[in-house]
Amino acid sequence: MIKDGLASAVHWSGLGRLVLSGADLTGLRVPVLLYHGVAERPGPDQAGRAAFAAQMAYLSQRYTVVPLSLAVEAVRAGHKGPTDWAVVTFDDGYRNLLANAFPVLQEHRIPATVFAVPGFAGAQAVWSSADPESRRLLGWGEMQELSRAGLEFGSHTLTHADLLNLPPATVRAELAASKDALEQRLGVPVRDLAYPWCRFDERTVDIAREVGYTSACAGGWWMHHLLRRLMTMKRVPVYPGDSLEVFRRKLEGAYCYMNIGATSRDRRRAPPAAGNAE
Ligand SMILES: [Zn+2]
């Protein structure tokens, strides 16, 4: 099955340089990029359309961009390589992805995952400080359109909840109801989760597993982009002001030293100020 998936990725990306295994490869290192919205101009939570287009052009030339589900499947299957994979994800599910991100992804045949917040479908992201138009979220019809076009959808909880400050029953409800809503409306299995505000603990991970998620994304890069622990996957945030050079260095892990020494307490930090939402 994994080989079928890989063959499909090769076909999709137009690249034939995948290596299924190799004794010289020590681990599956996959940068998982984290975006939010893509607006005409950069702003809080919003990459600028021109910068995003340049980043995707660079990415498609230098990396084999695979769906998150395929990367997860490869990790579960114990694959150690290849090392030129990358994954693209978008948190929150902003409506401007339709006009500003999807055409770019299509142009470069880049697969991506959108982590949506079903309780706010078609509404505004009240947790975002972006301008009112930019913080509008995809409605169900638009999500169905993107899903049919090949984008993957995961859950970002039902209401963008801070899972560390809720009783277990509410955490379970946030995770289960969002999964159910996405599966029923989109007609596809939903197995991937992204923790709002990047806030999780062992209890959160246990409940997510029990509810049926098989992978979960965090944010930050305190451990770089080693895609190993599937329920606490690190991602590489791309910020609105990032130059193409910064983007390139992020992909290569050049800044991972910034978070060396981060403690579990750091991971339980308060939700970031508006404008840095994850
Ligand atoms: Zn979010």
# chains A, B, ... in the order shown; residues from 1 in each chain; ligands from 1
$ residues_near_ligand --ligand "ligand 1" --cutoff "10 Å" --atoms "only C-alpha atoms and all ligand atoms" --output "list in words"
Tyr35, His36, Asp45, Phe90, Asp91, Asp92, Gly93, Phe115, Ala116, Val117, Ala125, Trp127, Ser128, His156, Thr157, Thr159, His160, Ala161, Asp162, Ala194, Tyr195, Pro196, Trp197, Cys198, Gly219, Asn276, Ala277 and Glu278 of chain A
$ select_by_dssp --residues "stretch 96-228 of chain A" --states "alpha helix (DSSP H)" --output "PyMOL selection string"
chain A and resi 97-100+102-108+140-148+168-186+202-211
$ select_by_dssp --residues "stretch 36-153 of chain A" --states "strand (DSSP E)" --output "PyMOL selection string"
chain A and resi 37-39+46-48+64-65+85-92+113-116+152-153
$ residues_around --residues "A:Leu151" --least-positions-apart "3" --cutoff "8 Å" --atoms "only C-alpha atoms" --output "PyMOL selection string"
chain A and resi 111-114+146-148
$ write_last_selection --atoms "N, CA and C atoms" --output "PDB file, in the first residue's frame"
ATOM      1  N   PRO A 111       0.383  18.836  -2.834  1.00  0.00           N
ATOM      2  CA  PRO A 111      -0.701  18.421  -1.936  1.00  0.00           C
ATOM      3  C   PRO A 111      -0.604  19.186  -0.619  1.00  0.00           C
ATOM      4  N   ALA A 112      -1.710  19.296   0.086  1.00  0.00           N
ATOM      5  CA  ALA A 112      -1.689  20.036   1.360  1.00  0.00           C
ATOM      6  C   ALA A 112      -2.815  19.549   2.253  1.00  0.00           C
ATOM      7  N   THR A 113      -2.659  19.834   3.534  1.00  0.00           N
ATOM      8  CA  THR A 113      -3.696  19.511   4.520  1.00  0.00           C
ATOM      9  C   THR A 113      -4.191  20.796   5.174  1.00  0.00           C
ATOM     10  N   VAL A 114      -5.504  20.921   5.286  1.00  0.00           N
ATOM     11  CA  VAL A 114      -6.124  22.057   5.964  1.00  0.00           C
ATOM     12  C   VAL A 114      -6.707  21.556   7.281  1.00  0.00           C
ATOM     13  N   LEU A 146     -12.794  21.930  -2.048  1.00  0.00           N
ATOM     14  CA  LEU A 146     -11.353  21.714  -1.916  1.00  0.00           C
ATOM     15  C   LEU A 146     -11.037  20.250  -1.639  1.00  0.00           C
ATOM     16  N   SER A 147     -11.888  19.597  -0.859  1.00  0.00           N
ATOM     17  CA  SER A 147     -11.686  18.182  -0.571  1.00  0.00           C
ATOM     18  C   SER A 147     -11.794  17.351  -1.850  1.00  0.00           C
ATOM     19  N   ARG A 148     -12.810  17.669  -2.643  1.00  0.00           N
ATOM     20  CA  ARG A 148     -12.973  16.936  -3.917  1.00  0.00           C
ATOM     21  C   ARG A 148     -11.789  17.189  -4.847  1.00  0.00           C
TER      22      ARG A 148
END
$ residues_around --residues "stretch 203-215 of chain A" --least-positions-apart "2" --cutoff "8 Å" --atoms "only C-alpha atoms" --output "list of chain:residue names"
A:Val72, A:Leu163, A:Leu164, A:Pro168, A:Val171, A:Arg172, A:Leu175, A:Ala176, A:Val190, A:Arg191, A:Asp192, A:Leu193, A:Phe200, A:Asp201, A:Cys217, A:Leu230, A:Met231, A:Thr232, A:Met233
$ residues_around --residues "A:Tyr63" --least-positions-apart "6" --cutoff "7 Å" --atoms "only C-alpha atoms" --output "number ranges by chain"
A: 84-86
$ write_last_selection --atoms "C-alpha atoms" --output "compact mmCIF listing (two decimals), in the first residue's frame"
# COMPACT_ATOMS: atom_id res chain seq x y z
CA ASP A 84 13.71 15.13 0.28
CA TRP A 85 10.09 15.09 1.38
CA ALA A 86 8.18 18.09 2.65
$ atom_distance --atom1 "atom CA of A:Gly78" --atom2 "atom CA of A:Val30"
13.8 Å
$ closest_atom_pairs --of "stretch 138-238 of chain A" --to "stretch 120-123 of chain A" --cutoff "9 Å" --atoms "only C-alpha atoms" --output "JSON lines"
{"residue": "A:Leu138", "atom": "CA", "partner": "A:Gly122", "partner_atom": "CA", "distance": 5.1}
{"residue": "A:Gly139", "atom": "CA", "partner": "A:Gly122", "partner_atom": "CA", "distance": 3.8}
{"residue": "A:Trp140", "atom": "CA", "partner": "A:Ala121", "partner_atom": "CA", "distance": 6.3}
{"residue": "A:Glu142", "atom": "CA", "partner": "A:Gly122", "partner_atom": "CA", "distance": 8.8}
{"residue": "A:Met143", "atom": "CA", "partner": "A:Ala121", "partner_atom": "CA", "distance": 8.9}
{"residue": "A:Leu158", "atom": "CA", "partner": "A:Phe120", "partner_atom": "CA", "distance": 7.7}
{"residue": "A:Thr159", "atom": "CA", "partner": "A:Phe120", "partner_atom": "CA", "distance": 6.6}
{"residue": "A:His160", "atom": "CA", "partner": "A:Phe120", "partner_atom": "CA", "distance": 8.7}
$ closest_residue --among "A:Ala71, A:Pro44, A:Ala39, A:Leu166" --to "A:Leu98" --atoms "only C-alpha atoms"
A:Ala39
$ closest_residue --among "A:Val126, A:Glu73, A:Gly150, A:Val104" --to "A:Tyr58" --atoms "only C-alpha atoms"
A:Val104
$ closest_residue --among "A:Gly253, A:Pro118, A:Gly48, A:Pro132" --to "A:Glu183" --atoms "only C-alpha atoms"
A:Pro118
$ atom_distance --atom1 "atom CA of A:Leu28" --atom2 "atom CA of A:Arg76"
10.8 Å
$ atom_distance --atom1 "atom CA of A:Glu174" --atom2 "atom CA of A:Phe153"
16.1 Å
$ residues_around --residues "A:Pro31" --least-positions-apart "6" --cutoff "7 Å" --atoms "only C-alpha atoms" --output "PyMOL selection string"
chain A and resi 86-87+225+235-236+251
